[in-house]
$ cat work.cif   # mmCIF, N, CA and C atoms
data_coords
#
loop_
_atom_site.label_atom_id
_atom_site.label_comp_id
_atom_site.auth_asym_id
_atom_site.auth_seq_id
_atom_site.Cartn_x
_atom_site.Cartn_y
_atom_site.Cartn_z
N MET W 1 -85.61 -8.17 -176.83
CA MET W 1 -84.89 -8.43 -178.07
C MET W 1 -85.91 -8.54 -179.20
N THR W 2 -85.55 -7.92 -180.26
CA THR W 2 -86.46 -7.97 -181.40
C THR W 2 -86.18 -9.23 -182.21
N THR W 3 -87.04 -9.48 -183.14
CA THR W 3 -86.91 -10.66 -183.98
C THR W 3 -85.63 -10.60 -184.79
N ASN W 4 -85.29 -9.44 -185.30
CA ASN W 4 -84.05 -9.28 -186.07
C ASN W 4 -82.82 -9.52 -185.20
N GLU W 5 -82.85 -9.03 -183.97
CA GLU W 5 -81.71 -9.22 -183.06
C GLU W 5 -81.56 -10.70 -182.71
N LYS W 6 -82.68 -11.39 -182.49
CA LYS W 6 -82.63 -12.83 -182.21
C LYS W 6 -82.07 -13.59 -183.41
N ALA W 7 -82.53 -13.23 -184.58
CA ALA W 7 -82.05 -13.90 -185.79
C ALA W 7 -80.57 -13.63 -185.99
N LEU W 8 -80.15 -12.40 -185.72
CA LEU W 8 -78.74 -12.04 -185.85
C LEU W 8 -77.89 -12.78 -184.84
N ALA W 9 -78.36 -12.91 -183.61
CA ALA W 9 -77.64 -13.64 -182.57
C ALA W 9 -77.53 -15.11 -182.93
N THR W 10 -78.62 -15.69 -183.43
CA THR W 10 -78.61 -17.09 -183.86
C THR W 10 -77.65 -17.28 -185.02
N PHE W 11 -77.70 -16.35 -185.95
CA PHE W 11 -76.79 -16.41 -187.10
C PHE W 11 -75.33 -16.33 -186.66
N GLU W 12 -75.05 -15.42 -185.74
CA GLU W 12 -73.68 -15.26 -185.22
C GLU W 12 -73.22 -16.52 -184.50
N THR W 13 -74.10 -17.12 -183.72
CA THR W 13 -73.77 -18.36 -183.00
C THR W 13 -73.47 -19.47 -183.99
N ARG W 14 -74.29 -19.59 -185.01
CA ARG W 14 -74.08 -20.65 -186.01
C ARG W 14 -72.78 -20.44 -186.78
N ILE W 15 -72.45 -19.19 -187.09
CA ILE W 15 -71.19 -18.90 -187.79
C ILE W 15 -70.01 -19.30 -186.91
N ARG W 16 -70.08 -18.98 -185.62
CA ARG W 16 -68.99 -19.37 -184.70
C ARG W 16 -68.86 -20.89 -184.63
N GLN W 17 -70.00 -21.58 -184.58
CA GLN W 17 -69.98 -23.04 -184.55
C GLN W 17 -69.35 -23.59 -185.84
N MET W 18 -69.72 -22.99 -186.96
CA MET W 18 -69.15 -23.44 -188.24
C MET W 18 -67.64 -23.20 -188.27
N ILE W 19 -67.19 -22.06 -187.75
CA ILE W 19 -65.75 -21.76 -187.72
C ILE W 19 -65.03 -22.77 -186.84
N LEU W 20 -65.59 -23.06 -185.68
CA LEU W 20 -64.97 -24.06 -184.79
C LEU W 20 -64.92 -25.43 -185.45
N ARG W 21 -66.01 -25.81 -186.09
CA ARG W 21 -66.04 -27.12 -186.78
C ARG W 21 -65.04 -27.15 -187.92
N PHE W 22 -64.94 -26.03 -188.65
CA PHE W 22 -63.96 -25.93 -189.73
C PHE W 22 -62.53 -26.12 -189.19
N GLN W 23 -62.24 -25.47 -188.08
CA GLN W 23 -60.91 -25.60 -187.48
C GLN W 23 -60.64 -27.03 -187.03
N GLN W 24 -61.65 -27.69 -186.48
CA GLN W 24 -61.50 -29.08 -186.07
C GLN W 24 -61.23 -29.98 -187.28
N LEU W 25 -62.00 -29.78 -188.34
CA LEU W 25 -61.83 -30.59 -189.54
C LEU W 25 -60.48 -30.32 -190.20
N LYS W 26 -60.05 -29.07 -190.17
CA LYS W 26 -58.74 -28.72 -190.73
C LYS W 26 -57.63 -29.43 -189.97
N LYS W 27 -57.71 -29.45 -188.64
CA LYS W 27 -56.70 -30.14 -187.82
C LYS W 27 -56.75 -31.64 -188.08
N GLU W 28 -57.93 -32.21 -188.16
CA GLU W 28 -58.08 -33.63 -188.44
C GLU W 28 -57.50 -33.98 -189.81
N ASN W 29 -57.74 -33.13 -190.79
CA ASN W 29 -57.21 -33.33 -192.13
C ASN W 29 -55.69 -33.31 -192.12
N GLU W 30 -55.11 -32.36 -191.39
CA GLU W 30 -53.64 -32.29 -191.29
C GLU W 30 -53.09 -33.55 -190.64
N ASP W 31 -53.76 -34.02 -189.59
CA ASP W 31 -53.32 -35.25 -188.91
C ASP W 31 -53.39 -36.44 -189.86
N LEU W 32 -54.45 -36.50 -190.66
CA LEU W 32 -54.60 -37.61 -191.60
C LEU W 32 -53.52 -37.55 -192.67
N TYR W 33 -53.18 -36.36 -193.14
CA TYR W 33 -52.11 -36.23 -194.12
C TYR W 33 -50.78 -36.70 -193.54
N VAL W 34 -50.54 -36.38 -192.27
CA VAL W 34 -49.31 -36.83 -191.61
C VAL W 34 -49.29 -38.35 -191.52
N MET W 35 -50.44 -38.94 -191.18
CA MET W 35 -50.52 -40.40 -191.08
C MET W 35 -50.28 -41.06 -192.43
N VAL W 36 -50.86 -40.50 -193.48
CA VAL W 36 -50.67 -41.06 -194.82
C VAL W 36 -49.20 -40.96 -195.23
N GLU W 37 -48.58 -39.82 -194.96
CA GLU W 37 -47.17 -39.65 -195.31
C GLU W 37 -46.29 -40.64 -194.56
N LYS W 38 -46.58 -40.83 -193.26
CA LYS W 38 -45.82 -41.81 -192.48
C LYS W 38 -46.02 -43.21 -193.03
N GLY W 39 -47.26 -43.54 -193.40
CA GLY W 39 -47.54 -44.86 -193.98
C GLY W 39 -46.79 -45.06 -195.29
N GLU W 40 -46.72 -44.03 -196.11
CA GLU W 40 -45.98 -44.13 -197.36
C GLU W 40 -44.49 -44.31 -197.11
N GLN W 41 -43.97 -43.61 -196.11
CA GLN W 41 -42.55 -43.78 -195.77
C GLN W 41 -42.29 -45.20 -195.28
N ASP W 42 -43.18 -45.71 -194.42
CA ASP W 42 -43.02 -47.08 -193.93
C ASP W 42 -43.08 -48.08 -195.09
N LEU W 43 -44.01 -47.85 -196.00
CA LEU W 43 -44.14 -48.73 -197.16
C LEU W 43 -42.88 -48.71 -198.02
N ASN W 44 -42.33 -47.52 -198.25
CA ASN W 44 -41.10 -47.41 -199.03
C ASN W 44 -39.94 -48.10 -198.32
N ASN W 45 -39.87 -47.94 -196.99
CA ASN W 45 -38.81 -48.62 -196.23
C ASN W 45 -38.94 -50.14 -196.35
N LEU W 46 -40.16 -50.63 -196.23
CA LEU W 46 -40.38 -52.08 -196.34
C LEU W 46 -40.06 -52.59 -197.74
N ARG W 47 -40.40 -51.79 -198.75
CA ARG W 47 -40.06 -52.20 -200.11
C ARG W 47 -38.55 -52.28 -200.31
N SER W 48 -37.84 -51.30 -199.77
CA SER W 48 -36.38 -51.33 -199.94
C SER W 48 -35.78 -52.50 -199.15
N GLN W 49 -36.33 -52.80 -197.97
CA GLN W 49 -35.85 -53.96 -197.21
C GLN W 49 -36.12 -55.25 -197.98
N LEU W 50 -37.28 -55.34 -198.60
CA LEU W 50 -37.61 -56.53 -199.39
C LEU W 50 -36.65 -56.68 -200.56
N GLU W 51 -36.40 -55.60 -201.26
CA GLU W 51 -35.47 -55.66 -202.39
C GLU W 51 -34.08 -56.07 -201.92
N GLN W 52 -33.64 -55.53 -200.78
CA GLN W 52 -32.32 -55.88 -200.25
C GLN W 52 -32.28 -57.36 -199.86
N SER W 53 -33.35 -57.83 -199.23
CA SER W 53 -33.42 -59.24 -198.82
C SER W 53 -33.40 -60.16 -200.04
N GLN W 54 -34.14 -59.78 -201.08
CA GLN W 54 -34.15 -60.59 -202.29
C GLN W 54 -32.77 -60.60 -202.94
N SER W 55 -32.11 -59.47 -202.93
CA SER W 55 -30.76 -59.40 -203.50
C SER W 55 -29.79 -60.26 -202.68
N ASP W 56 -29.90 -60.16 -201.35
CA ASP W 56 -29.05 -60.99 -200.49
C ASP W 56 -29.30 -62.47 -200.73
N TYR W 57 -30.58 -62.85 -200.87
CA TYR W 57 -30.93 -64.24 -201.10
C TYR W 57 -30.34 -64.74 -202.42
N GLN W 58 -30.45 -63.93 -203.47
CA GLN W 58 -29.88 -64.32 -204.76
C GLN W 58 -28.36 -64.48 -204.65
N SER W 59 -27.73 -63.57 -203.91
CA SER W 59 -26.27 -63.67 -203.73
C SER W 59 -25.90 -64.95 -202.98
N LEU W 60 -26.67 -65.27 -201.95
CA LEU W 60 -26.39 -66.49 -201.19
C LEU W 60 -26.60 -67.74 -202.03
N LYS W 61 -27.65 -67.74 -202.85
CA LYS W 61 -27.88 -68.89 -203.73
C LYS W 61 -26.71 -69.06 -204.69
N MET W 62 -26.25 -67.95 -205.26
CA MET W 62 -25.14 -68.01 -206.20
C MET W 62 -23.86 -68.49 -205.50
N ALA W 63 -23.63 -67.97 -204.30
CA ALA W 63 -22.44 -68.38 -203.55
C ALA W 63 -22.49 -69.87 -203.22
N LYS W 64 -23.67 -70.35 -202.86
CA LYS W 64 -23.80 -71.77 -202.53
C LYS W 64 -23.56 -72.64 -203.78
N MET W 65 -24.07 -72.19 -204.93
CA MET W 65 -23.85 -72.95 -206.16
C MET W 65 -22.36 -72.96 -206.52
N ILE W 66 -21.72 -71.83 -206.37
CA ILE W 66 -20.28 -71.74 -206.68
C ILE W 66 -19.49 -72.60 -205.71
N GLU W 67 -19.88 -72.59 -204.45
CA GLU W 67 -19.18 -73.38 -203.43
C GLU W 67 -19.23 -74.86 -203.78
N ILE W 68 -20.38 -75.33 -204.22
CA ILE W 68 -20.51 -76.75 -204.55
C ILE W 68 -19.74 -77.07 -205.83
N THR W 69 -19.82 -76.21 -206.84
CA THR W 69 -19.18 -76.54 -208.10
C THR W 69 -17.67 -76.36 -208.04
N ASP W 70 -17.20 -75.34 -207.35
CA ASP W 70 -15.77 -75.07 -207.32
C ASP W 70 -15.03 -76.02 -206.41
N GLY W 71 -15.50 -76.14 -205.23
CA GLY W 71 -14.73 -76.83 -204.22
C GLY W 71 -14.96 -78.29 -204.18
N ASP W 72 -15.77 -78.70 -203.48
CA ASP W 72 -15.95 -79.96 -202.87
C ASP W 72 -16.94 -80.83 -203.63
N LEU W 73 -16.74 -80.98 -204.91
CA LEU W 73 -17.66 -81.81 -205.69
C LEU W 73 -17.58 -83.26 -205.22
N SER W 74 -16.36 -83.73 -204.98
CA SER W 74 -16.23 -85.12 -204.51
C SER W 74 -16.81 -85.25 -203.11
N GLY W 75 -16.62 -84.24 -202.27
CA GLY W 75 -17.21 -84.26 -200.93
C GLY W 75 -18.73 -84.28 -200.99
N ALA W 76 -19.28 -83.50 -201.92
CA ALA W 76 -20.74 -83.48 -202.07
C ALA W 76 -21.24 -84.84 -202.53
N LYS W 77 -20.50 -85.48 -203.45
CA LYS W 77 -20.88 -86.82 -203.90
C LYS W 77 -20.84 -87.81 -202.75
N GLU W 78 -19.82 -87.70 -201.89
CA GLU W 78 -19.71 -88.60 -200.74
C GLU W 78 -20.88 -88.39 -199.77
N ARG W 79 -21.22 -87.13 -199.51
CA ARG W 79 -22.35 -86.86 -198.60
C ARG W 79 -23.65 -87.39 -199.19
N LEU W 80 -23.82 -87.22 -200.49
CA LEU W 80 -25.02 -87.73 -201.15
C LEU W 80 -25.07 -89.26 -201.08
N SER W 81 -23.93 -89.91 -201.30
CA SER W 81 -23.88 -91.37 -201.21
C SER W 81 -24.21 -91.84 -199.80
N LYS W 82 -23.70 -91.14 -198.80
CA LYS W 82 -23.99 -91.50 -197.41
C LYS W 82 -25.48 -91.35 -197.12
N LEU W 83 -26.07 -90.27 -197.62
CA LEU W 83 -27.50 -90.08 -197.42
C LEU W 83 -28.30 -91.20 -198.07
N ILE W 84 -27.90 -91.61 -199.26
CA ILE W 84 -28.59 -92.70 -199.96
C ILE W 84 -28.45 -93.99 -199.17
N ARG W 85 -27.26 -94.26 -198.63
CA ARG W 85 -27.07 -95.47 -197.82
C ARG W 85 -27.96 -95.42 -196.57
N ASP W 86 -28.04 -94.27 -195.93
CA ASP W 86 -28.88 -94.13 -194.74
C ASP W 86 -30.35 -94.38 -195.09
N VAL W 87 -30.80 -93.85 -196.21
CA VAL W 87 -32.19 -94.05 -196.63
C VAL W 87 -32.42 -95.53 -196.92
N ASN W 88 -31.47 -96.17 -197.58
CA ASN W 88 -31.60 -97.60 -197.86
C ASN W 88 -31.67 -98.42 -196.58
N LYS W 89 -30.87 -98.06 -195.57
CA LYS W 89 -30.92 -98.76 -194.28
C LYS W 89 -32.29 -98.60 -193.65
N CYS W 90 -32.82 -97.39 -193.70
CA CYS W 90 -34.15 -97.14 -193.12
C CYS W 90 -35.21 -97.97 -193.83
N ILE W 91 -35.12 -98.03 -195.15
CA ILE W 91 -36.09 -98.83 -195.92
C ILE W 91 -35.97 -100.30 -195.54
N ALA W 92 -34.74 -100.76 -195.38
CA ALA W 92 -34.54 -102.17 -195.01
C ALA W 92 -35.12 -102.44 -193.63
N ILE W 93 -34.91 -101.55 -192.70
CA ILE W 93 -35.44 -101.73 -191.33
C ILE W 93 -36.96 -101.74 -191.37
N LEU W 94 -37.54 -100.83 -192.12
CA LEU W 94 -39.01 -100.78 -192.23
C LEU W 94 -39.56 -102.03 -192.89
N SER W 95 -38.83 -102.54 -193.88
CA SER W 95 -39.28 -103.75 -194.56
C SER W 95 -39.25 -104.92 -193.62
N ASP W 96 -38.20 -105.02 -192.79
CA ASP W 96 -38.09 -106.11 -191.82
C ASP W 96 -39.20 -106.05 -190.79
N GLU W 97 -39.57 -104.85 -190.36
CA GLU W 97 -40.62 -104.70 -189.35
C GLU W 97 -41.99 -105.07 -189.90
N ASN W 98 -42.22 -104.84 -191.19
CA ASN W 98 -43.53 -105.11 -191.78
C ASN W 98 -43.71 -106.59 -192.07
N GLN W 99 -42.68 -107.38 -192.09
CA GLN W 99 -42.81 -108.80 -192.43
C GLN W 99 -43.11 -109.64 -191.25
#
$ encode --input "work.cif" --output "structure tokens"
Amino acid sequence: MTTNEKALATFETRIRQMILRFQQLKKENEDLYVMVEKGEQDLNNLRSQLEQSQSDYQSLKMAKMIEITDGDLSGAKERLSKLIRDVNKCIAILSDENQ
């Protein structure tokens, strides 16, 4: 083999290696684009779920406020009074134990 033939063979081998590496990088790039797109879809889904959850929470808060104001205001007052009495009993028991 002459020097030119050796150089040509080496050049041909390197070109084939570069083509194979290019194909590998192209496939890897495509895979990465697919991963990024899937991540963006997941992010968009999570954002919409968050918005829906926040909307549901606001609706529940409003419904709870309406429930208390419309219906059972006297019942709410009674429950609050009972809670206050229970707290007062606990304070009295604690005071007796500390003396």
$ atom_distance --input "work.cif" --atom1 "CA of Leu50 (chain W)" --atom2 "CA of Met35 (chain W)"
22.3 Å
$ atom_distance --input "work.cif" --atom1 "atom C of Gly75 (chain W)" --atom2 "atom C of Ala63 (chain W)"
15.1 Å
$ axis_aligned_box --input "work.cif" --around "region 80-94 of chain W" --padding-each-side "6 Å" --output "AutoDock Vina command-line options"
--center_x -31.6 --center_y -94.8 --center_z -196.3 --size_x 27.9 --size_y 27.2 --size_z 22.0
$ atom_distance --input "work.cif" --atom1 "atom C of Leu25 (chain W)" --atom2 "CA of Asp42 (chain W)"
24.5 Å
$ build_atoms --input "work.cif" --residues "region 5-30 of chain W" --atoms "N, CA, C and O atoms" --output "PDB file, in the frame of the given file"
ATOM      1  N   GLU W   5     -82.850  -9.030-183.970  1.00  0.00           N
ATOM      2  CA  GLU W   5     -81.710  -9.220-183.060  1.00  0.00           C
ATOM      3  C   GLU W   5     -81.560 -10.700-182.710  1.00  0.00           C
ATOM      4  O   GLU W   5     -80.448 -11.220-182.623  1.00  0.00           O
ATOM      5  N   LYS W   6     -82.680 -11.390-182.490  1.00  0.00           N
ATOM      6  CA  LYS W   6     -82.630 -12.830-182.210  1.00  0.00           C
ATOM      7  C   LYS W   6     -82.070 -13.590-183.410  1.00  0.00           C
ATOM      8  O   LYS W   6     -81.233 -14.471-183.255  1.00  0.00           O
ATOM      9  N   ALA W   7     -82.530 -13.230-184.580  1.00  0.00           N
ATOM     10  CA  ALA W   7     -82.050 -13.900-185.790  1.00  0.00           C
ATOM     11  C   ALA W   7     -80.570 -13.630-185.990  1.00  0.00           C
ATOM     12  O   ALA W   7     -79.792 -14.532-186.362  1.00  0.00           O
ATOM     13  N   LEU W   8     -80.150 -12.400-185.720  1.00  0.00           N
ATOM     14  CA  LEU W   8     -78.740 -12.040-185.850  1.00  0.00           C
ATOM     15  C   LEU W   8     -77.890 -12.780-184.840  1.00  0.00           C
ATOM     16  O   LEU W   8     -76.797 -13.272-185.167  1.00  0.00           O
ATOM     17  N   ALA W   9     -78.360 -12.910-183.610  1.00  0.00           N
ATOM     18  CA  ALA W   9     -77.640 -13.640-182.570  1.00  0.00           C
ATOM     19  C   ALA W   9     -77.530 -15.110-182.930  1.00  0.00           C
ATOM     20  O   ALA W   9     -76.474 -15.742-182.765  1.00  0.00           O
ATOM     21  N   THR W  10     -78.620 -15.690-183.430  1.00  0.00           N
ATOM     22  CA  THR W  10     -78.610 -17.090-183.860  1.00  0.00           C
ATOM     23  C   THR W  10     -77.650 -17.280-185.020  1.00  0.00           C
ATOM     24  O   THR W  10     -76.858 -18.238-185.037  1.00  0.00           O
ATOM     25  N   PHE W  11     -77.700 -16.350-185.950  1.00  0.00           N
ATOM     26  CA  PHE W  11     -76.790 -16.410-187.100  1.00  0.00           C
ATOM     27  C   PHE W  11     -75.330 -16.330-186.660  1.00  0.00           C
ATOM     28  O   PHE W  11     -74.486 -17.099-187.115  1.00  0.00           O
ATOM     29  N   GLU W  12     -75.050 -15.420-185.740  1.00  0.00           N
ATOM     30  CA  GLU W  12     -73.680 -15.260-185.220  1.00  0.00           C
ATOM     31  C   GLU W  12     -73.220 -16.520-184.500  1.00  0.00           C
ATOM     32  O   GLU W  12     -72.081 -16.975-184.669  1.00  0.00           O
ATOM     33  N   THR W  13     -74.100 -17.120-183.720  1.00  0.00           N
ATOM     34  CA  THR W  13     -73.770 -18.360-183.000  1.00  0.00           C
ATOM     35  C   THR W  13     -73.470 -19.470-183.990  1.00  0.00           C
ATOM     36  O   THR W  13     -72.494 -20.220-183.837  1.00  0.00           O
ATOM     37  N   ARG W  14     -74.290 -19.590-185.010  1.00  0.00           N
ATOM     38  CA  ARG W  14     -74.080 -20.650-186.010  1.00  0.00           C
ATOM     39  C   ARG W  14     -72.780 -20.440-186.780  1.00  0.00           C
ATOM     40  O   ARG W  14     -72.067 -21.393-187.084  1.00  0.00           O
ATOM     41  N   ILE W  15     -72.450 -19.190-187.090  1.00  0.00           N
ATOM     42  CA  ILE W  15     -71.190 -18.900-187.790  1.00  0.00           C
ATOM     43  C   ILE W  15     -70.010 -19.300-186.910  1.00  0.00           C
ATOM     44  O   ILE W  15     -69.052 -19.919-187.390  1.00  0.00           O
ATOM     45  N   ARG W  16     -70.080 -18.980-185.620  1.00  0.00           N
ATOM     46  CA  ARG W  16     -68.990 -19.370-184.700  1.00  0.00           C
ATOM     47  C   ARG W  16     -68.860 -20.890-184.630  1.00  0.00           C
ATOM     48  O   ARG W  16     -67.757 -21.438-184.603  1.00  0.00           O
ATOM     49  N   GLN W  17     -70.000 -21.580-184.580  1.00  0.00           N
ATOM     50  CA  GLN W  17     -69.980 -23.040-184.550  1.00  0.00           C
ATOM     51  C   GLN W  17     -69.350 -23.590-185.840  1.00  0.00           C
ATOM     52  O   GLN W  17     -68.566 -24.536-185.796  1.00  0.00           O
ATOM     53  N   MET W  18     -69.720 -22.990-186.960  1.00  0.00           N
ATOM     54  CA  MET W  18     -69.150 -23.440-188.240  1.00  0.00           C
ATOM     55  C   MET W  18     -67.640 -23.200-188.270  1.00  0.00           C
ATOM     56  O   MET W  18     -66.878 -24.027-188.772  1.00  0.00           O
ATOM     57  N   ILE W  19     -67.190 -22.060-187.750  1.00  0.00           N
ATOM     58  CA  ILE W  19     -65.750 -21.760-187.720  1.00  0.00           C
ATOM     59  C   ILE W  19     -65.030 -22.770-186.840  1.00  0.00           C
ATOM     60  O   ILE W  19     -63.971 -23.280-187.226  1.00  0.00           O
ATOM     61  N   LEU W  20     -65.590 -23.060-185.680  1.00  0.00           N
ATOM     62  CA  LEU W  20     -64.970 -24.060-184.790  1.00  0.00           C
ATOM     63  C   LEU W  20     -64.920 -25.430-185.450  1.00  0.00           C
ATOM     64  O   LEU W  20     -63.899 -26.122-185.392  1.00  0.00           O
ATOM     65  N   ARG W  21     -66.010 -25.810-186.090  1.00  0.00           N
ATOM     66  CA  ARG W  21     -66.040 -27.120-186.780  1.00  0.00           C
ATOM     67  C   ARG W  21     -65.040 -27.150-187.920  1.00  0.00           C
ATOM     68  O   ARG W  21     -64.355 -28.155-188.136  1.00  0.00           O
ATOM     69  N   PHE W  22     -64.940 -26.030-188.650  1.00  0.00           N
ATOM     70  CA  PHE W  22     -63.960 -25.930-189.730  1.00  0.00           C
ATOM     71  C   PHE W  22     -62.530 -26.120-189.190  1.00  0.00           C
ATOM     72  O   PHE W  22     -61.727 -26.844-189.776  1.00  0.00           O
ATOM     73  N   GLN W  23     -62.240 -25.470-188.080  1.00  0.00           N
ATOM     74  CA  GLN W  23     -60.910 -25.600-187.480  1.00  0.00           C
ATOM     75  C   GLN W  23     -60.640 -27.030-187.030  1.00  0.00           C
ATOM     76  O   GLN W  23     -59.525 -27.552-187.202  1.00  0.00           O
ATOM     77  N   GLN W  24     -61.650 -27.690-186.480  1.00  0.00           N
ATOM     78  CA  GLN W  24     -61.500 -29.080-186.070  1.00  0.00           C
ATOM     79  C   GLN W  24     -61.230 -29.980-187.280  1.00  0.00           C
ATOM     80  O   GLN W  24     -60.336 -30.833-187.251  1.00  0.00           O
ATOM     81  N   LEU W  25     -62.000 -29.780-188.340  1.00  0.00           N
ATOM     82  CA  LEU W  25     -61.830 -30.590-189.540  1.00  0.00           C
ATOM     83  C   LEU W  25     -60.480 -30.320-190.200  1.00  0.00           C
ATOM     84  O   LEU W  25     -59.844 -31.237-190.728  1.00  0.00           O
ATOM     85  N   LYS W  26     -60.050 -29.070-190.170  1.00  0.00           N
ATOM     86  CA  LYS W  26     -58.740 -28.720-190.730  1.00  0.00           C
ATOM     87  C   LYS W  26     -57.630 -29.430-189.970  1.00  0.00           C
ATOM     88  O   LYS W  26     -56.717 -30.006-190.574  1.00  0.00           O
ATOM     89  N   LYS W  27     -57.710 -29.450-188.640  1.00  0.00           N
ATOM     90  CA  LYS W  27     -56.700 -30.140-187.820  1.00  0.00           C
ATOM     91  C   LYS W  27     -56.750 -31.640-188.080  1.00  0.00           C
ATOM     92  O   LYS W  27     -55.703 -32.290-188.233  1.00  0.00           O
ATOM     93  N   GLU W  28     -57.930 -32.210-188.160  1.00  0.00           N
ATOM     94  CA  GLU W  28     -58.080 -33.630-188.440  1.00  0.00           C
ATOM     95  C   GLU W  28     -57.500 -33.980-189.810  1.00  0.00           C
ATOM     96  O   GLU W  28     -56.815 -34.987-189.971  1.00  0.00           O
ATOM     97  N   ASN W  29     -57.740 -33.130-190.790  1.00  0.00           N
ATOM     98  CA  ASN W  29     -57.210 -33.330-192.130  1.00  0.00           C
ATOM     99  C   ASN W  29     -55.690 -33.310-192.120  1.00  0.00           C
ATOM    100  O   ASN W  29     -55.039 -34.149-192.756  1.00  0.00           O
ATOM    101  N   GLU W  30     -55.110 -32.360-191.390  1.00  0.00           N
ATOM    102  CA  GLU W  30     -53.640 -32.290-191.290  1.00  0.00           C
ATOM    103  C   GLU W  30     -53.090 -33.550-190.640  1.00  0.00           C
ATOM    104  O   GLU W  30     -52.080 -34.096-191.099  1.00  0.00           O
TER     105      GLU W  30
END
